[in-house]
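Here's input.txt, which has compact mmCIF, C-alpha atoms:
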# COMPACT_ATOMS: atom_id res chain seq x y z
CA MET L 1 143.21 129.70 109.58
CA LYS L 2 145.88 128.03 107.54
CA THR L 3 148.07 125.72 109.53
CA ALA L 4 151.25 125.10 107.63
CA ARG L 5 153.08 121.85 108.18
CA GLN L 6 156.48 123.23 109.00
CA GLY L 7 158.85 120.39 108.46
CA TYR L 8 158.28 116.70 108.83
CA ASN L 9 157.49 116.62 112.52
CA LEU L 10 154.05 118.24 112.60
CA TYR L 11 150.54 116.92 112.05
CA LYS L 12 147.79 118.59 110.02
CA ASN L 13 146.69 120.54 113.12
CA GLY L 14 150.12 122.21 113.14
CA LEU L 15 151.16 120.41 116.30
CA PRO L 16 153.59 117.56 116.98
CA PHE L 17 150.72 115.42 118.35
CA SER L 18 147.38 114.45 116.87
CA ASN L 19 143.95 115.82 117.86
CA GLY L 20 142.46 114.82 121.19
CA LEU L 21 145.34 115.89 123.38
CA PRO L 22 145.26 119.68 122.65
CA GLU L 23 141.57 119.97 123.67
CA ASN L 24 142.28 118.23 126.95
CA ILE L 25 145.28 120.44 127.69
CA ASN L 26 143.07 123.50 127.07
CA ASP L 27 140.55 122.15 129.59
CA LEU L 28 143.33 121.78 132.15
CA LYS L 29 144.43 125.33 131.46
CA GLU L 30 140.98 126.55 132.55
CA ARG L 31 141.26 124.47 135.70
CA ILE L 32 144.66 125.91 136.55
CA GLU L 33 143.28 129.42 136.10
CA LEU L 34 140.88 128.58 138.94
CA LYS L 35 143.91 127.77 141.13
CA LYS L 36 143.10 124.08 141.23
CA ALA L 37 145.96 121.61 141.55
CA SER L 38 146.63 119.88 138.24
CA LEU L 39 149.08 117.18 137.38
CA ILE L 40 149.57 115.44 134.05
CA VAL L 41 151.17 112.03 134.39
CA ILE L 42 152.98 110.59 131.39
CA ASP L 43 153.95 106.97 131.76
CA GLY L 44 155.35 104.23 129.58
CA GLY L 45 158.29 101.88 129.27
CA VAL L 46 161.88 102.93 128.73
CA GLY L 47 162.37 104.65 125.35
CA GLU L 48 158.67 105.06 124.56
CA GLY L 49 159.00 108.86 124.29
CA LYS L 50 157.76 110.05 127.68
CA THR L 51 160.18 112.97 127.89
CA THR L 52 159.61 113.90 124.23
CA LEU L 53 155.84 114.03 124.71
CA ALA L 54 156.22 115.85 128.04
CA VAL L 55 158.26 118.59 126.32
CA GLN L 56 155.71 118.83 123.50
CA VAL L 57 152.79 119.11 125.93
CA ALA L 58 154.67 121.75 127.95
CA ASP L 59 155.45 123.71 124.77
CA TYR L 60 151.79 123.64 123.78
CA PHE L 61 150.66 124.66 127.26
CA GLN L 62 153.09 127.58 127.35
CA GLN L 63 152.40 128.44 123.70
CA SER L 64 156.17 128.81 123.20
CA PRO L 65 159.14 126.45 123.52
CA ILE L 66 159.96 125.89 127.17
CA ASN L 67 163.41 126.59 128.57
CA LEU L 68 164.71 123.08 129.07
CA LYS L 69 167.39 124.23 131.50
CA LYS L 70 164.85 125.87 133.78
CA GLN L 71 161.67 123.87 133.23
CA LEU L 72 162.91 120.31 132.87
CA SER L 73 164.06 118.67 136.07
CA MET L 74 165.57 115.27 136.47
CA GLY L 75 165.22 113.95 139.98
CA GLY L 76 163.55 115.16 143.14
CA LYS L 77 166.18 117.61 144.38
CA GLU L 78 166.44 119.33 141.03
CA PHE L 79 162.65 119.49 140.79
CA GLN L 80 162.35 121.45 144.01
CA GLU L 81 165.08 123.87 142.94
CA LYS L 82 163.61 124.42 139.50
CA PHE L 83 160.07 124.71 140.84
CA LYS L 84 161.24 127.70 142.86
CA VAL L 85 162.88 129.17 139.75
CA CYS L 86 159.58 128.77 137.87
CA ILE L 87 157.70 130.60 140.64
CA ASP L 88 160.26 133.41 140.73
CA GLU L 89 160.30 133.87 136.96
CA GLY L 90 156.56 133.38 136.45
CA LEU L 91 156.94 130.27 134.30
CA ARG L 92 153.70 128.32 134.08
CA VAL L 93 154.81 124.76 133.45
CA ILE L 94 157.45 122.40 134.80
CA ILE L 95 158.39 118.85 133.87
CA TYR L 96 159.58 116.30 136.38
CA ASP L 97 161.32 113.49 134.59
CA GLU L 98 162.11 110.85 137.17
CA ALA L 99 164.99 109.47 135.04
CA GLY L 100 165.66 106.49 137.27
CA ASP L 101 165.27 108.51 140.45
CA PHE L 102 163.12 105.79 141.94
CA ASN L 103 165.85 103.22 141.90
CA ARG L 104 166.98 104.56 145.23
CA ARG L 105 165.51 102.85 148.26
CA GLY L 106 163.02 105.08 150.07
CA ALA L 107 162.94 107.54 147.17
CA LEU L 108 159.31 106.78 146.43
CA THR L 109 158.06 107.71 149.87
CA SER L 110 159.94 110.99 149.86
CA PHE L 111 158.86 111.62 146.26
CA ASN L 112 155.18 111.16 147.08
CA SER L 113 155.32 113.29 150.18
CA MET L 114 157.21 115.97 148.23
CA LEU L 115 154.52 115.98 145.51
CA ASN L 116 151.78 116.28 148.10
CA ARG L 117 153.60 119.13 149.77
CA VAL L 118 154.20 120.91 146.46
CA PHE L 119 150.53 120.81 145.52
CA GLU L 120 149.29 121.78 148.95
CA THR L 121 151.63 124.77 149.10
CA TYR L 122 152.04 126.02 145.58
CA ARG L 123 148.78 125.47 143.68
CA GLY L 124 148.08 129.19 144.02
CA TYR L 125 150.99 129.89 141.65
CA LYS L 126 149.02 128.32 138.78
CA ILE L 127 151.81 126.03 137.62
CA LEU L 128 151.14 122.88 135.64
CA VAL L 129 153.30 119.94 136.67
CA ILE L 130 154.02 117.25 134.10
CA LEU L 131 155.36 114.07 135.58
CA ALA L 132 157.11 111.49 133.41
CA LEU L 133 157.67 108.08 134.99
CA PRO L 134 157.64 104.43 133.85
CA ASN L 135 154.60 103.31 135.83
CA PHE L 136 151.97 105.62 137.31
CA GLY L 137 151.08 102.87 139.81
CA VAL L 138 153.95 104.00 142.04
CA LEU L 139 152.11 107.22 142.86
CA ASP L 140 150.63 107.43 146.31
CA LYS L 141 146.96 106.69 146.96
CA VAL L 142 146.68 110.01 148.79
CA LEU L 143 147.53 111.91 145.60
CA PHE L 144 144.57 110.29 143.88
CA GLU L 145 142.28 110.83 146.84
CA ASN L 146 143.23 114.51 146.72
CA GLN L 147 142.29 114.38 143.01
CA ILE L 148 145.58 115.92 141.92
CA PRO L 149 146.43 113.84 138.81
CA ARG L 150 143.86 114.87 136.18
CA LEU L 151 145.16 113.26 133.03
CA LEU L 152 147.24 110.16 132.40
CA ILE L 153 148.99 109.77 129.06
CA HIS L 154 150.32 106.31 128.44
CA CYS L 155 153.05 106.10 125.78
CA TYR L 156 153.52 102.83 123.93
CA GLY L 157 154.67 101.20 120.67
CA ARG L 158 157.11 103.87 119.56
CA SER L 159 158.46 103.39 116.07
CA GLN L 160 161.22 105.18 114.20
CA ASN L 161 158.90 107.97 112.99
CA TYR L 162 156.25 108.35 115.66
CA GLY L 163 154.98 107.20 119.04
CA ASN L 164 151.49 106.30 120.25
CA TYR L 165 149.62 107.49 123.28
CA LYS L 166 146.40 106.74 125.16
CA GLY L 167 144.73 109.29 127.44
CA TYR L 168 142.87 108.43 130.63
CA SER L 169 140.78 110.57 132.98
CA LEU L 170 141.17 110.47 136.76
CA LEU L 171 138.08 108.27 136.93
CA ARG L 172 139.68 105.72 134.61
CA MET L 173 142.99 105.97 136.51
CA PHE L 174 141.19 104.58 139.56
CA TYR L 175 140.03 101.62 137.45
CA LEU L 176 143.54 101.16 136.04
CA ARG L 177 145.06 101.11 139.51
CA ASP L 178 142.51 98.57 140.64
CA LYS L 179 143.16 96.35 137.60
CA MET L 180 146.93 96.68 138.05
CA SER L 181 146.71 95.50 141.64
CA ARG L 182 144.87 92.34 140.53
CA LEU L 183 146.88 91.38 137.46
CA THR L 184 150.03 89.30 137.45
CA VAL L 185 151.28 91.43 134.53
CA PRO L 186 150.26 94.95 135.61
CA PRO L 187 150.87 96.68 132.22
CA GLN L 188 148.07 94.51 130.78
CA ALA L 189 145.66 96.77 132.67
CA TYR L 190 146.02 99.36 129.88
CA GLY L 191 144.37 96.90 127.52
CA ARG L 192 141.47 96.33 129.90
CA VAL L 193 140.39 99.91 130.52
CA GLU L 194 139.19 101.85 127.51
CA PRO L 195 141.07 105.14 127.04
CA ASN L 196 139.24 108.47 126.71
CA PHE L 197 141.25 109.31 123.62
CA PHE L 198 144.28 108.09 121.75
CA GLY L 199 146.63 109.36 119.09
CA HIS L 200 150.19 109.69 117.89
CA PHE L 201 153.07 112.04 118.44
CA LYS L 202 156.19 112.80 116.45
CA ASP L 203 159.77 113.43 117.45
CA LEU L 204 161.05 116.81 118.52
CA ASN L 205 162.87 118.77 115.83
CA PRO L 206 166.53 117.75 115.57
CA SER L 207 168.04 120.79 117.32
CA ARG L 208 165.65 120.55 120.28
CA SER L 209 166.06 116.81 120.41
CA GLN L 210 169.83 117.32 120.65
CA GLU L 211 169.39 119.90 123.41
CA LEU L 212 167.17 117.49 125.35
CA GLU L 213 169.66 114.68 124.89
CA ASN L 214 172.50 116.87 126.15
CA ILE L 215 170.57 117.76 129.30
CA SER L 216 169.61 114.14 129.85
CA LEU L 217 173.19 112.98 129.33
CA GLU L 218 174.49 115.65 131.68
CA GLY L 219 172.44 114.16 134.51
CA LYS L 220 173.55 110.65 133.70
CA LYS L 221 177.17 111.77 133.38
CA LYS L 222 177.09 113.15 136.92
CA VAL L 223 176.11 109.73 138.28
CA LEU L 224 178.72 108.06 136.09
CA ASN L 225 181.47 110.48 137.21
CA THR L 226 180.65 109.82 140.84
CA ASN L 227 180.95 106.10 140.30
CA ILE L 228 184.24 106.48 138.41
CA GLU L 229 185.63 108.75 141.13
CA LYS L 230 184.61 106.22 143.74
CA ILE L 231 186.34 103.37 141.92
CA ASN L 232 189.48 105.40 141.09
CA LYS L 233 190.04 106.59 144.62
CA ASN L 234 189.23 103.19 146.04
CA LEU L 235 186.59 104.55 148.37
CA PHE L 236 184.27 102.57 150.61
CA SER L 237 180.80 103.54 151.75
CA SER L 238 179.75 103.27 155.41
CA HIS L 239 177.64 100.26 154.52
CA GLU L 240 180.62 98.53 152.89
CA ILE L 241 182.82 99.24 155.91
CA THR L 242 180.31 97.64 158.29
CA LYS L 243 180.46 94.51 156.12
CA ILE L 244 184.28 94.52 156.05
CA CYS L 245 184.58 95.03 159.80
CA ASN L 246 181.63 92.79 160.55
CA ARG L 247 180.24 95.41 162.91
CA SER L 248 177.00 97.36 163.17
CA THR L 249 176.31 100.82 161.76
CA ALA L 250 175.98 102.13 165.31
CA TRP L 251 179.49 100.80 166.15
CA LEU L 252 180.90 102.46 163.03
CA SER L 253 179.26 105.74 163.82
CA LEU L 254 180.63 105.64 167.37
CA LYS L 255 184.19 104.85 166.20
CA LEU L 256 184.12 107.59 163.56
CA THR L 257 183.19 110.13 166.24
CA GLU L 258 185.75 108.75 168.71
CA LEU L 259 188.60 108.83 166.18
CA ASN L 260 187.35 112.12 164.72
CA ILE L 261 187.32 110.78 161.17
CA LYS L 262 185.78 112.87 158.39
CA PRO L 263 184.59 111.30 155.12
CA ASN L 264 186.84 111.67 152.08
CA TYR L 265 183.87 112.06 149.76
CA LYS L 266 180.15 112.65 150.24
CA GLN L 267 177.34 112.05 147.79
CA GLY L 268 173.90 112.95 149.08
CA LYS L 269 173.67 111.35 152.50
CA THR L 270 176.19 108.61 151.74
CA CYS L 271 179.74 109.07 153.07
CA TYR L 272 182.77 107.45 151.47
CA TYR L 273 186.09 106.67 153.19
CA SER L 274 189.56 105.83 151.86
CA ASP L 275 191.19 102.42 152.30
CA GLU L 276 193.58 103.89 154.93
CA ILE L 277 190.61 104.78 157.13
CA VAL L 278 189.18 101.32 156.58
CA GLU L 279 192.49 99.85 157.79
CA ARG L 280 192.37 102.06 160.92
CA LEU L 281 188.85 100.91 161.64
CA LYS L 282 189.82 97.28 161.10
CA ALA L 283 192.53 97.72 163.72
CA GLU L 284 189.88 98.98 166.13
CA VAL L 285 188.03 95.67 165.77
CA ARG L 286 191.03 93.71 167.03
CA MET O 1 112.09 105.62 163.22
CA ASP O 2 112.09 102.38 165.12
CA LEU O 3 113.62 99.84 162.79
CA GLN O 4 112.09 97.00 164.74
CA ASP O 5 108.56 98.32 164.15
CA VAL O 6 107.29 96.03 161.40
CA THR O 7 103.97 97.88 161.14
CA ALA O 8 105.69 101.11 159.99
CA THR O 9 104.96 102.05 156.37
CA THR O 10 106.65 104.37 153.93
CA THR O 11 104.74 107.26 152.39
CA THR O 12 104.99 109.14 149.10
CA PRO O 13 105.25 112.95 149.34
CA PRO O 14 102.05 114.75 148.18
CA ALA O 15 103.78 116.44 145.23
CA ASP O 16 104.96 113.08 143.90
CA LEU O 17 101.49 111.62 144.40
CA LEU O 18 99.97 114.42 142.38
CA LYS O 19 102.53 113.87 139.63
CA ILE O 20 101.48 110.24 139.42
CA LEU O 21 97.81 111.24 139.20
CA ILE O 22 98.59 113.74 136.44
CA LEU O 23 100.56 111.15 134.48
CA GLN O 24 97.71 108.70 134.88
CA ARG O 25 95.20 111.26 133.61
CA ARG O 26 97.48 112.16 130.68
CA ASP O 27 97.70 108.49 129.81
CA GLU O 28 93.91 108.24 129.86
CA VAL O 29 93.68 111.17 127.40
CA ILE O 30 96.14 109.43 125.07
CA GLN O 31 94.11 106.21 125.34
CA SER O 32 90.88 107.99 124.43
CA ILE O 33 92.54 109.79 121.49
CA GLN O 34 93.84 106.41 120.31
CA ASN O 35 90.35 104.92 120.47
CA TYR O 36 88.89 107.93 118.69
CA TYR O 37 91.38 107.65 115.81
CA LYS O 38 90.96 103.88 115.67
CA MET O 39 87.28 104.31 114.92
CA SER O 40 87.42 107.44 112.76
CA LEU O 41 90.22 106.09 110.56
CA SER O 42 88.28 102.88 109.96
CA GLY O 43 85.44 104.98 108.54
CA ALA O 44 83.03 104.59 111.44
CA SER O 45 81.55 107.62 113.21
CA ALA O 46 83.62 108.09 116.37
CA PRO O 47 82.20 109.78 119.47
CA SER O 48 84.44 112.62 120.70
CA ASN O 49 82.84 113.04 124.12
CA ILE O 50 85.39 110.87 125.96
CA VAL O 51 88.37 112.76 124.52
CA LEU O 52 86.79 116.15 125.26
CA SER O 53 85.90 115.26 128.84
CA ARG O 54 89.32 113.75 129.60
CA VAL O 55 91.20 116.76 128.20
CA ARG O 56 89.06 119.00 130.42
CA SER O 57 89.81 116.83 133.46
CA LEU O 58 93.53 117.08 132.78
CA PHE O 59 93.18 120.84 132.46
CA PHE O 60 91.43 121.01 135.85
CA ASP O 61 94.28 119.07 137.42
CA LEU O 62 96.85 121.54 136.12
CA GLU O 63 94.81 124.74 136.09
CA ALA O 64 96.42 126.44 139.08
CA SER O 65 99.97 125.67 137.92
CA LEU O 66 99.20 126.72 134.37
CA ARG O 67 97.73 130.01 135.52
CA ARG O 68 100.81 130.69 137.66
CA THR O 69 103.43 129.87 135.04
CA LYS O 70 101.87 130.90 131.74
CA LEU O 71 101.17 134.39 130.43
CA LEU O 72 97.51 135.35 130.81
CA LYS O 73 97.10 135.49 127.03
CA ASP O 74 98.50 132.01 126.54
CA PHE O 75 96.52 130.64 129.46
CA THR O 76 93.23 132.01 128.10
CA GLU O 77 94.05 130.62 124.68
CA LEU O 78 94.77 127.19 126.15
CA GLU O 79 91.59 127.31 128.23
CA ASN O 80 89.54 128.06 125.11
CA LEU O 81 91.17 125.19 123.25
CA CYS O 82 90.59 122.68 126.05
CA PHE O 83 86.95 123.70 126.51
CA SER O 84 86.18 123.82 122.81
CA ASN O 85 83.62 121.33 121.51
CA ASP O 86 85.75 120.76 118.42
CA ILE O 87 87.91 117.66 118.98
CA ASN O 88 90.78 119.06 116.87
CA ASN O 89 91.01 122.10 119.13
CA ALA O 90 90.90 119.87 122.22
CA ILE O 91 93.76 117.75 120.85
CA LYS O 92 95.70 120.94 120.07
CA GLY O 93 95.16 122.03 123.68
CA PHE O 94 96.29 118.64 124.95
CA ARG O 95 99.49 118.87 122.90
CA THR O 96 100.24 122.28 124.43
CA ILE O 97 99.78 120.78 127.90
CA ASN O 98 101.99 117.88 126.87
CA MET O 99 104.82 120.22 125.91
CA TRP O 100 104.37 122.14 129.15
CA LEU O 101 104.60 118.92 131.18
CA ASP O 102 107.90 118.10 129.45
CA GLU O 103 109.18 121.60 130.10
CA LYS O 104 108.42 121.16 133.80
CA GLY O 105 110.23 117.82 133.85
CA VAL O 106 107.13 115.72 134.62
CA THR O 107 107.34 113.69 131.43
CA LYS O 108 110.96 114.46 130.53
CA ILE O 109 112.81 111.22 129.89
CA ASP O 110 116.12 112.40 128.39
CA THR O 111 117.44 113.55 131.75
CA ARG O 112 120.80 111.80 131.55
CA MET O 113 123.70 114.24 131.39
CA LYS O 114 125.49 114.23 128.06
CA ILE O 115 129.24 114.05 128.45
CA ASP O 116 131.91 113.90 125.84
CA PRO O 117 134.11 110.97 126.94
CA ARG O 118 137.00 112.29 124.85
CA ARG O 119 137.32 115.28 127.21
CA VAL O 120 138.78 113.96 130.44
CA GLU O 121 137.76 116.98 132.50
CA ASN O 122 134.13 116.48 131.44
CA GLU O 123 134.26 112.91 132.63
CA ASN O 124 136.09 113.82 135.83
CA SER O 125 133.59 116.50 136.82
CA ALA O 126 130.61 114.33 135.83
CA SER O 127 131.95 111.68 138.22
CA GLY O 128 132.30 114.22 141.00
CA LEU O 129 136.10 114.31 140.80

Could I get this structure in the form of structure tokens?
Amino acid sequence: MKTARQGYNLYKNGLPFSNGLPENINDLKERIELKKASLIVIDGGVGEGKTTLAVQVADYFQQSPINLKKQLSMGGKEFQEKFKVCIDEGLRVIIYDEAGDFNRRGALTSFNSMLNRVFETYRGYKILVILALPNFGVLDKVLFENQIPRLLIHCYGRSQNYGNYKGYSLLRMFYLRDKMSRLTVPPQAYGRVEPNFFGHFKDLNPSRSQELENISLEGKKKVLNTNIEKINKNLFSSHEITKICNRSTAWLSLKLTELNIKPNYKQGKTCYYSDEIVERLKAEVR
Amino acid sequence: MDLQDVTATTTTPPADLLKILILQRRDEVIQSIQNYYKMSLSGASAPSNIVLSRVRSLFFDLEASLRRTKLLKDFTELENLCFSNDINNAIKGFRTINMWLDEKGVTKIDTRMKIDPRRVENENSASGL
């Protein structure tokens, strides 16, 4: 069969990544058909092409370009929503790009328990989950003991034209985790465990790359807008108010109920209050 | 078993013991063939009686199993070869037994599973994951 190199961003095999990876994705496809939980983890530093490779792997798995709006989720909440959409619409692959989701305190615990729950409940739907995150070491031990991650793809040394990847089996992931826990510089572990395969990948085509960037920026814009709104309206979070009033969170909670004060703005579980409310609360201290 | 009992001994199962005896007898046949060739290739007249008798002994050891697993035609053919007075036929018979022993896993040495390390699922399943 003739495989034409359509454009600059394909290899001789007609794919945007070199040989080694497609065979392993095919093996995982067989596993998913048997209703076994399967997770591909893509890790690497910032800007190494994790999301790009995740999209390419998902495209190959689905044998058609994935719908980025439905199958690419940024953050835990979005992941759960889109996972349901994938089940309803019969889509077979979903990407979870953490996109800085783990910066939040306690996010990791909830993330790990969510992943466990997802795989325990939904493996029957035969959906492949691709997880892109900076360091796979943050994943819970239980996930590995349940043998859910099957393939680790480590992205590194991205240049202007292409990126590099190394592939590790679950067996080698255990060794990597062990090495990481012993080393002062954990990323050095990748140099101490031999990968199963390695190769290169190219960029997405310009239109798709733009689409991906727009979606990524949309998520970041939301966070930025929230911060701007908070600054513009001169709002204070509950935590900030406790510092200003020099009182405990329990005291604040009690006063807010007593005075029947509602937050001016709410983002997730965090409540924000205007400076007038802060003044009222300050008066309560005296 | 009482772990404090220092007089307790471990035993080898009968099937394993028989395997060892068969391997020993096979080795003796190879030794005698080696000696036969050593003499005949140097130009001396080599007696074939040791080879012939040892091949027959090996056949006796395996007779029941051979009769059970081989087709009657093949078994009779092998029996004729092993009991032939011609040393070349006896060696031919021994080689057939040798192949049969490998087939049954008695002398098989390449038992290690071959896995392609480039396929992660192969490696995962070979490691019991």

**Item:** Residues within 9 Å of Phe59 of chain O, all atoms listed in the file, excluding chain neighbours under 4 positions, as JSON, numbers by chain
**Value:** {"O": [54, 55, 63, 66, 79, 82, 94, 97]}

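Using all atoms listed in the file, the nearest neighbour of Gln63 of chain L within the list L:Leu254, L:Leu115, L:Met173, L:Val93 is L:Val93.
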
**Request:** Write out as a count of residues only every residue belonging to chain O that has an atom at most 8 Å from any atom of chain L, counting all atoms listed in the file.
**Result:** 9

**Point-to-point distance in Å for atom CA of Lys19 of chain O and atom CA of Ala64 of chain O** =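 Computed distance, atom CA of Ala64 of chain O to atom CA of Lys19 of chain O, equals 14.0 Å.
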
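Atom CA of Gly163 of chain L lies 28.1 Å from atom CA of Lys82 of chain L.
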
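Compared by their closest atoms to Leu39 of chain L, and using all atoms listed in the file, the residues L:Leu68, L:Pro134, L:Leu139, L:Pro16 rank with L:Leu139 nearest.
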
Quick one: residues within 7 Å of segment 272-285 of chain L, all atoms listed in the file counted, chain neighbours fewer than 4 positions away excluded, as a compact mmCIF listing (two decimals) with C-alpha atoms, in the coordinates of the input?
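Result saved to around.txt:
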# COMPACT_ATOMS: atom_id res chain seq x y z
CA ASN L 234 189.23 103.19 146.04
CA LEU L 235 186.59 104.55 148.37
CA PHE L 236 184.27 102.57 150.61
CA SER L 237 180.80 103.54 151.75
CA SER L 238 179.75 103.27 155.41
CA ILE L 241 182.82 99.24 155.91
CA CYS L 245 184.58 95.03 159.80
CA PRO L 263 184.59 111.30 155.12
CA ASN L 264 186.84 111.67 152.08
CA TYR L 265 183.87 112.06 149.76
CA LYS L 266 180.15 112.65 150.24

Which neighbours of segment 46-50 of chain L fall inside 9 Å, counting all atoms listed in the file, when residues of the same chain fewer than 5 positions from it are skipped, and could you give them as a PDB file with C-alpha atoms, keeping the file's coordinate frame?
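Ended up saving to out-v7.pdb:
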ATOM      1  CA  VAL L  55     158.260 118.590 126.320  1.00  0.00           C
ATOM      2  CA  ASP L  97     161.320 113.490 134.590  1.00  0.00           C
ATOM      3  CA  ALA L 132     157.110 111.490 133.410  1.00  0.00           C
ATOM      4  CA  LEU L 133     157.670 108.080 134.990  1.00  0.00           C
ATOM      5  CA  PRO L 134     157.640 104.430 133.850  1.00  0.00           C
ATOM      6  CA  ILE L 153     148.990 109.770 129.060  1.00  0.00           C
ATOM      7  CA  HIS L 154     150.320 106.310 128.440  1.00  0.00           C
ATOM      8  CA  CYS L 155     153.050 106.100 125.780  1.00  0.00           C
ATOM      9  CA  TYR L 156     153.520 102.830 123.930  1.00  0.00           C
ATOM     10  CA  GLY L 157     154.670 101.200 120.670  1.00  0.00           C
ATOM     11  CA  ARG L 158     157.110 103.870 119.560  1.00  0.00           C
ATOM     12  CA  SER L 159     158.460 103.390 116.070  1.00  0.00           C
ATOM     13  CA  GLY L 163     154.980 107.200 119.040  1.00  0.00           C
ATOM     14  CA  ASN L 164     151.490 106.300 120.250  1.00  0.00           C
ATOM     15  CA  PHE L 201     153.070 112.040 118.440  1.00  0.00           C
ATOM     16  CA  ASP L 203     159.770 113.430 117.450  1.00  0.00           C
TER      17      ASP L 203
END

**Message:** Between atom CA of Gly90 of chain L and atom CA of Arg117 of chain L, what is the distance in Å, rounded to a tenth?
**Reply:**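 Result for atom CA of Gly90 of chain L versus atom CA of Arg117 of chain L: 19.7 Å, one decimal.
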